[in-house]
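This report concerns only the one structure given below.
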Amino acid sequence: MQNPTHPIRLEPFKVACSGCNLRELCLPVGMSTEQLDRLDAIVATRRTVARGDALFHAGDAFASLYAVRTGFFKTGVSSEDGRDQVTGFHMAGELLGLDGIGTDRHTCDAVALEDSQVCVIGYHQLEDLSRELTDLQRQFHRIMSREIVRDHGVMLLLGSMRAEERLAAFLLNLTQRLRARGFSGSELVLRMTREEIGSYLGLKLETVSRAFSKFQDDGLLEVKQRQIRVLNADALQALVNGSACGAA
């Protein structure tokens with residue numbers, strides 16, 4: 001159920017993908033002004049989602065994709081025994097809702113980890129437009145491919161890496177994505193809890209906390225609650241590379 005004190009607000013407005021500073025991270029890459037105008041026409045609304053509220057739930061009917069404009073989301077599923085499993089974290093410039101394409105129902109929950117805004121993209125309108133605009137279709141396929149590759153990366157994390165290697169890979173991935181958005185590649189504020197990181201990486205909370213402490217003791221990180229400063233990215237990368245060599 002949605003939190004009644006923090007409703008999701010649907011706001012009509014002109015998104016103007018052509019003027020968005022995240023456009024190279026989202027759908028319209030390499031499109032002409034005329035093509036961007038046509039895409040603008042189907043991105044007619046945005047939603048404001050308060051921290052802790054859900055953008056959609058598993059089982060909800062699928063109708064739209066959501067481009068994260070500001071903020072941060074987690075996706076997750078609930079197991080039969082009631083446990084919640086985090087399946088991903090999504091930041092500005094990334095798409096939510098791809099899980100619903102195959103069955104016309106969402107298969108996971110998407111919850112805001114901070115006050116966030118998303119652009120609402122009607123899927124059937126996007127599909128129709130993609131048939132006409134090959135650049136848009138190509139970019140949409142690229143986005144879906146990126147999601148598949150990310151899923152494979154998570155499988156590698158869970159299948160072959162030790163706890164410290166999993167956390168190193170997770171932090172490096174976060175910093176790389178933030179750097180692509182113009183943020184610092186060495187300083188970040190974790191929007192998720194350590195428990196949520198553990199759920200995503202298949203680790204217990206205590207194990208995640210021990211790995212953070214070891215990284216700090218070894219001079220790889222400076223940790224102040226959720227504020228993280230990467231002091232030695234090469235050492236983190238060496239951990240990940242060593243695991244990849246061992247897995248091969």
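Chain identifiers are assigned as A, B, and so on, following the order in which chains appear in the structure tokens; residues are numbered from 1 within each chain, and ligands are numbered from 1 in order of appearance.
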Per-residue DSSP, segment 6-130 of chain A, filtered to alpha helix (DSSP H), as an mmCIF file with N, CA and C atoms, in the first residue's frame:
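File produced: states.cif:
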```
data_model
loop_
_atom_site.group_PDB
_atom_site.id
_atom_site.type_symbol
_atom_site.label_atom_id
_atom_site.label_comp_id
_atom_site.auth_asym_id
_atom_site.auth_seq_id
_atom_site.Cartn_x
_atom_site.Cartn_y
_atom_site.Cartn_z
ATOM 1 N N THR A 33 16.574 16.708 -34.224
ATOM 2 C CA THR A 33 15.673 17.571 -33.460
ATOM 3 C C THR A 33 14.221 17.168 -33.689
ATOM 4 N N GLU A 34 13.880 16.856 -34.935
ATOM 5 C CA GLU A 34 12.506 16.453 -35.248
ATOM 6 C C GLU A 34 12.140 15.148 -34.530
ATOM 7 N N GLN A 35 13.080 14.201 -34.522
ATOM 8 C CA GLN A 35 12.824 12.934 -33.840
ATOM 9 C C GLN A 35 12.688 13.135 -32.339
ATOM 10 N N LEU A 36 13.519 14.008 -31.775
ATOM 11 C CA LEU A 36 13.421 14.301 -30.344
ATOM 12 C C LEU A 36 12.087 14.946 -30.007
ATOM 13 N N ASP A 37 11.594 15.799 -30.883
ATOM 14 C CA ASP A 37 10.295 16.428 -30.650
ATOM 15 C C ASP A 37 9.185 15.391 -30.604
ATOM 16 N N ARG A 38 9.290 14.385 -31.462
ATOM 17 C CA ARG A 38 8.278 13.320 -31.456
ATOM 18 C C ARG A 38 8.361 12.492 -30.186
ATOM 19 N N LEU A 39 9.580 12.280 -29.702
ATOM 20 C CA LEU A 39 9.726 11.568 -28.439
ATOM 21 C C LEU A 39 9.198 12.410 -27.278
ATOM 22 N N ASP A 40 9.483 13.711 -27.309
ATOM 23 C CA ASP A 40 8.957 14.606 -26.273
ATOM 24 C C ASP A 40 7.446 14.472 -26.139
ATOM 25 N N ALA A 41 6.772 14.276 -27.283
ATOM 26 C CA ALA A 41 5.314 14.239 -27.288
ATOM 27 C C ALA A 41 4.760 13.059 -26.499
ATOM 28 N N ILE A 42 5.522 11.953 -26.381
ATOM 29 C CA ILE A 42 5.012 10.804 -25.636
ATOM 30 C C ILE A 42 5.519 10.789 -24.197
ATOM 31 N N TYR A 123 4.586 2.820 -22.829
ATOM 32 C CA TYR A 123 5.360 1.802 -23.541
ATOM 33 C C TYR A 123 4.839 1.542 -24.948
ATOM 34 N N HIS A 124 3.523 1.446 -25.099
ATOM 35 C CA HIS A 124 2.986 1.133 -26.428
ATOM 36 C C HIS A 124 3.240 2.279 -27.400
ATOM 37 N N GLN A 125 3.196 3.515 -26.913
ATOM 38 C CA GLN A 125 3.538 4.657 -27.760
ATOM 39 C C GLN A 125 5.017 4.617 -28.141
ATOM 40 N N LEU A 126 5.856 4.252 -27.168
ATOM 41 C CA LEU A 126 7.292 4.141 -27.440
ATOM 42 C C LEU A 126 7.553 3.043 -28.462
ATOM 43 N N GLU A 127 6.841 1.926 -28.333
ATOM 44 C CA GLU A 127 7.008 0.804 -29.254
ATOM 45 C C GLU A 127 6.630 1.217 -30.675
ATOM 46 N N ASP A 128 5.517 1.934 -30.813
ATOM 47 C CA ASP A 128 5.072 2.389 -32.131
ATOM 48 C C ASP A 128 6.091 3.350 -32.741
ATOM 49 N N LEU A 129 6.578 4.274 -31.927
ATOM 50 C CA LEU A 129 7.539 5.256 -32.424
ATOM 51 C C LEU A 129 8.859 4.593 -32.794
ATOM 52 N N SER A 130 9.249 3.571 -32.037
ATOM 53 C CA SER A 130 10.507 2.866 -32.305
ATOM 54 C C SER A 130 10.492 2.171 -33.658
#
```
Per DSSP on the backbone, filter segment 56-132 of chain A down to the residues in strand (DSSP E or B) and report them as JSON, numbers by chain. {"A": [56, 61, 64, 65, 66, 67, 68, 69, 70, 72, 73, 74, 75, 76, 77, 78, 84, 85, 86, 87, 88, 89, 90, 91, 95, 96, 105, 109, 110, 111, 112, 116, 117, 118, 119, 120, 121, 122]}
Next, dump the selected residues to file, keeping only C-alpha atoms, as an mmCIF file, in the first residue's frame.
```cif
data_model
loop_
_atom_site.group_PDB
_atom_site.id
_atom_site.type_symbol
_atom_site.label_atom_id
_atom_site.label_comp_id
_atom_site.auth_asym_id
_atom_site.auth_seq_id
_atom_site.Cartn_x
_atom_site.Cartn_y
_atom_site.Cartn_z
ATOM 1 C CA PHE A 56 5.117 0.227 -8.775
ATOM 2 C CA ALA A 61 -0.286 -3.908 -14.670
ATOM 3 C CA SER A 64 4.885 2.577 -18.875
ATOM 4 C CA LEU A 65 8.635 2.767 -18.555
ATOM 5 C CA TYR A 66 10.127 5.289 -16.153
ATOM 6 C CA ALA A 67 13.315 7.260 -16.757
ATOM 7 C CA VAL A 68 14.817 8.329 -13.435
ATOM 8 C CA ARG A 69 15.278 12.090 -13.621
ATOM 9 C CA THR A 70 16.442 12.718 -10.061
ATOM 10 C CA PHE A 72 17.569 6.838 -6.423
ATOM 11 C CA PHE A 73 15.480 3.630 -6.455
ATOM 12 C CA LYS A 74 15.862 0.029 -5.410
ATOM 13 C CA THR A 75 14.069 -2.882 -7.029
ATOM 14 C CA GLY A 76 13.281 -6.083 -5.179
ATOM 15 C CA VAL A 77 11.108 -9.155 -4.881
ATOM 16 C CA SER A 78 9.538 -10.937 -1.923
ATOM 17 C CA ASP A 84 12.747 -9.262 0.675
ATOM 18 C CA GLN A 85 15.496 -9.666 -1.920
ATOM 19 C CA VAL A 86 17.026 -6.531 -3.450
ATOM 20 C CA THR A 87 17.581 -7.053 -7.178
ATOM 21 C CA GLY A 88 19.009 -3.686 -8.235
ATOM 22 C CA PHE A 89 19.709 -0.016 -7.578
ATOM 23 C CA HIS A 90 18.826 2.647 -10.140
ATOM 24 C CA MET A 91 19.954 6.260 -10.411
ATOM 25 C CA LEU A 95 15.147 3.124 -16.879
ATOM 26 C CA LEU A 96 12.745 1.338 -14.562
ATOM 27 C CA ARG A 105 2.769 -7.286 -15.257
ATOM 28 C CA ASP A 109 8.739 -3.628 -6.550
ATOM 29 C CA ALA A 110 10.462 -0.292 -7.260
ATOM 30 C CA VAL A 111 10.867 1.844 -4.136
ATOM 31 C CA ALA A 112 12.406 5.325 -3.859
ATOM 32 C CA SER A 116 12.820 11.232 -6.602
ATOM 33 C CA GLN A 117 11.311 12.185 -9.940
ATOM 34 C CA VAL A 118 10.755 10.019 -13.003
ATOM 35 C CA CYS A 119 9.678 10.745 -16.568
ATOM 36 C CA VAL A 120 6.729 8.541 -17.561
ATOM 37 C CA ILE A 121 7.058 6.964 -21.029
ATOM 38 C CA GLY A 122 3.989 5.135 -22.366
#
```
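The two atoms in question, atom CA of Ile101 of chain A and atom CA of Glu80 of chain A, are spaced 23.2 Å apart.
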Identify, on the basis of only C-alpha atoms, every residue whose closest approach to Glu206 of chain A does not exceed 10 Å; exclude the query and any residue fewer than 5 positions from it along the same chain; express the result as a list in words. Arg194, Glu195, Gly198, Ala211 and Phe212 of chain A
Can I get the selection written as a PDB file, in the first residue's frame, with C-alpha atoms?
```
ATOM      1  CA  ARG A 194      24.177  -1.829   4.501  1.00  0.00           C
ATOM      2  CA  GLU A 195      21.407  -4.361   4.968  1.00  0.00           C
ATOM      3  CA  GLY A 198      23.906  -7.251   1.749  1.00  0.00           C
ATOM      4  CA  ALA A 211      34.218  -5.716   4.758  1.00  0.00           C
ATOM      5  CA  PHE A 212      33.717  -1.946   5.039  1.00  0.00           C
TER       6      PHE A 212
END
```
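Near segment 167-184 of chain A, within 9 Å and counting only C-alpha atoms, sit Leu22, Leu25, Met91, Ala92, Gly93, Leu157, Arg162, Ala163, Glu164, Glu165, Ser186, Glu187, Leu188, Ile197, Gly198, Leu201, Val208, Ala211, Phe212, Phe215, Val230, Ala233, Leu236, Gln237, Leu239 and Val240 of chain A, not including residues fewer than 2 positions from it in the same chain.
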Selection to disk with N, CA and C atoms, as an mmCIF file, in the first residue's frame:
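Here's the written file part.cif:
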```cif
data_model
loop_
_atom_site.group_PDB
_atom_site.id
_atom_site.type_symbol
_atom_site.label_atom_id
_atom_site.label_comp_id
_atom_site.auth_asym_id
_atom_site.auth_seq_id
_atom_site.Cartn_x
_atom_site.Cartn_y
_atom_site.Cartn_z
ATOM 1 N N LEU A 22 20.493 14.663 -19.073
ATOM 2 C CA LEU A 22 20.706 13.224 -18.937
ATOM 3 C C LEU A 22 20.405 12.476 -20.241
ATOM 4 N N LEU A 25 22.346 9.531 -21.427
ATOM 5 C CA LEU A 25 22.297 8.337 -20.590
ATOM 6 C C LEU A 25 20.956 7.631 -20.696
ATOM 7 N N MET A 91 19.713 4.835 -10.625
ATOM 8 C CA MET A 91 19.954 6.260 -10.411
ATOM 9 C C MET A 91 19.526 7.056 -11.630
ATOM 10 N N ALA A 92 19.730 8.379 -11.574
ATOM 11 C CA ALA A 92 19.323 9.274 -12.652
ATOM 12 C C ALA A 92 19.903 8.822 -13.990
ATOM 13 N N GLY A 93 19.051 8.866 -15.033
ATOM 14 C CA GLY A 93 19.477 8.468 -16.370
ATOM 15 C C GLY A 93 19.257 7.006 -16.674
ATOM 16 N N LEU A 157 28.950 -12.055 -9.455
ATOM 17 C CA LEU A 157 29.207 -11.645 -8.072
ATOM 18 C C LEU A 157 28.792 -12.740 -7.095
ATOM 19 N N ARG A 162 34.309 -13.753 -3.326
ATOM 20 C CA ARG A 162 34.248 -13.684 -1.868
ATOM 21 C C ARG A 162 33.603 -12.364 -1.453
ATOM 22 N N ALA A 163 33.285 -12.245 -0.167
ATOM 23 C CA ALA A 163 32.537 -11.084 0.332
ATOM 24 C C ALA A 163 33.228 -9.770 -0.007
ATOM 25 N N GLU A 164 34.535 -9.687 0.259
ATOM 26 C CA GLU A 164 35.242 -8.432 0.008
ATOM 27 C C GLU A 164 35.273 -8.103 -1.482
ATOM 28 N N GLU A 165 35.394 -9.117 -2.311
ATOM 29 C CA GLU A 165 35.414 -8.898 -3.757
ATOM 30 C C GLU A 165 34.053 -8.407 -4.249
ATOM 31 N N SER A 186 35.050 9.503 -6.720
ATOM 32 C CA SER A 186 35.726 9.005 -5.516
ATOM 33 C C SER A 186 34.952 9.278 -4.230
ATOM 34 N N GLU A 187 34.005 10.192 -4.248
ATOM 35 C CA GLU A 187 33.221 10.490 -3.053
ATOM 36 C C GLU A 187 31.747 10.278 -3.350
ATOM 37 N N LEU A 188 31.073 9.548 -2.489
ATOM 38 C CA LEU A 188 29.662 9.268 -2.701
ATOM 39 C C LEU A 188 28.952 9.103 -1.363
ATOM 40 N N ILE A 197 22.452 -3.439 0.825
ATOM 41 C CA ILE A 197 23.630 -3.859 0.056
ATOM 42 C C ILE A 197 23.851 -5.358 0.234
ATOM 43 N N GLY A 198 23.736 -5.829 1.475
ATOM 44 C CA GLY A 198 23.906 -7.251 1.749
ATOM 45 C C GLY A 198 22.887 -8.103 1.015
ATOM 46 N N LEU A 201 23.929 -8.285 -2.611
ATOM 47 C CA LEU A 201 25.165 -9.037 -2.852
ATOM 48 C C LEU A 201 25.127 -10.458 -2.287
ATOM 49 N N VAL A 208 28.910 -7.478 5.533
ATOM 50 C CA VAL A 208 29.081 -6.208 4.826
ATOM 51 C C VAL A 208 29.811 -5.205 5.720
ATOM 52 N N ALA A 211 33.481 -6.031 5.990
ATOM 53 C CA ALA A 211 34.218 -5.716 4.758
ATOM 54 C C ALA A 211 34.484 -4.216 4.664
ATOM 55 N N PHE A 212 33.504 -3.398 5.017
ATOM 56 C CA PHE A 212 33.717 -1.946 5.039
ATOM 57 C C PHE A 212 34.833 -1.585 6.011
ATOM 58 N N PHE A 215 38.237 -2.558 4.584
ATOM 59 C CA PHE A 215 38.656 -1.620 3.537
ATOM 60 C C PHE A 215 39.176 -0.322 4.146
ATOM 61 N N VAL A 230 36.602 6.957 -1.733
ATOM 62 C CA VAL A 230 37.490 5.913 -2.253
ATOM 63 C C VAL A 230 38.910 6.470 -2.270
ATOM 64 N N ALA A 233 41.285 3.241 -5.540
ATOM 65 C CA ALA A 233 40.435 2.515 -6.489
ATOM 66 C C ALA A 233 41.193 1.378 -7.168
ATOM 67 N N LEU A 236 40.939 -1.705 -5.063
ATOM 68 C CA LEU A 236 39.611 -2.312 -5.200
ATOM 69 C C LEU A 236 39.509 -3.072 -6.513
ATOM 70 N N GLN A 237 40.015 -2.466 -7.585
ATOM 71 C CA GLN A 237 39.967 -3.116 -8.894
ATOM 72 C C GLN A 237 40.816 -4.384 -8.910
ATOM 73 N N LEU A 239 41.289 -6.382 -6.439
ATOM 74 C CA LEU A 239 40.494 -7.424 -5.776
ATOM 75 C C LEU A 239 39.545 -8.083 -6.786
ATOM 76 N N VAL A 240 38.856 -7.240 -7.549
ATOM 77 C CA VAL A 240 37.881 -7.747 -8.527
ATOM 78 C C VAL A 240 38.605 -8.533 -9.628
#
```
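The space separating atom CA of Ala235 of chain A from atom CA of Leu220 of chain A comes to 6.9 Å.
Between Glu147 of chain A and the residues A:Asp99, A:Gly71, A:Leu133, A:Leu205, the shortest atom-to-atom distance, using only C-alpha atoms, involves A:Asp99.
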Which of these residues is nearest to Arg83 of chain A, using only C-alpha atoms: A:Arg229, A:Ser199, A:Asp135, A:Leu55? A:Ser199
Which of these, A:Cys17, A:Leu113, A:Leu158, A:Ile143, has the shortest distance to Leu190 of chain A once you count only C-alpha atoms? A:Leu113
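Between atom CA of Gly59 of chain A and atom CA of Cys108 of chain A there is a distance of 7.7 Å.
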Long-range neighbours of Arg226 of chain A as a PyMOL selection string, 8 Å cut-off, only C-alpha atoms, 5 positions minimum in chain: chain A and resi 189-191+193
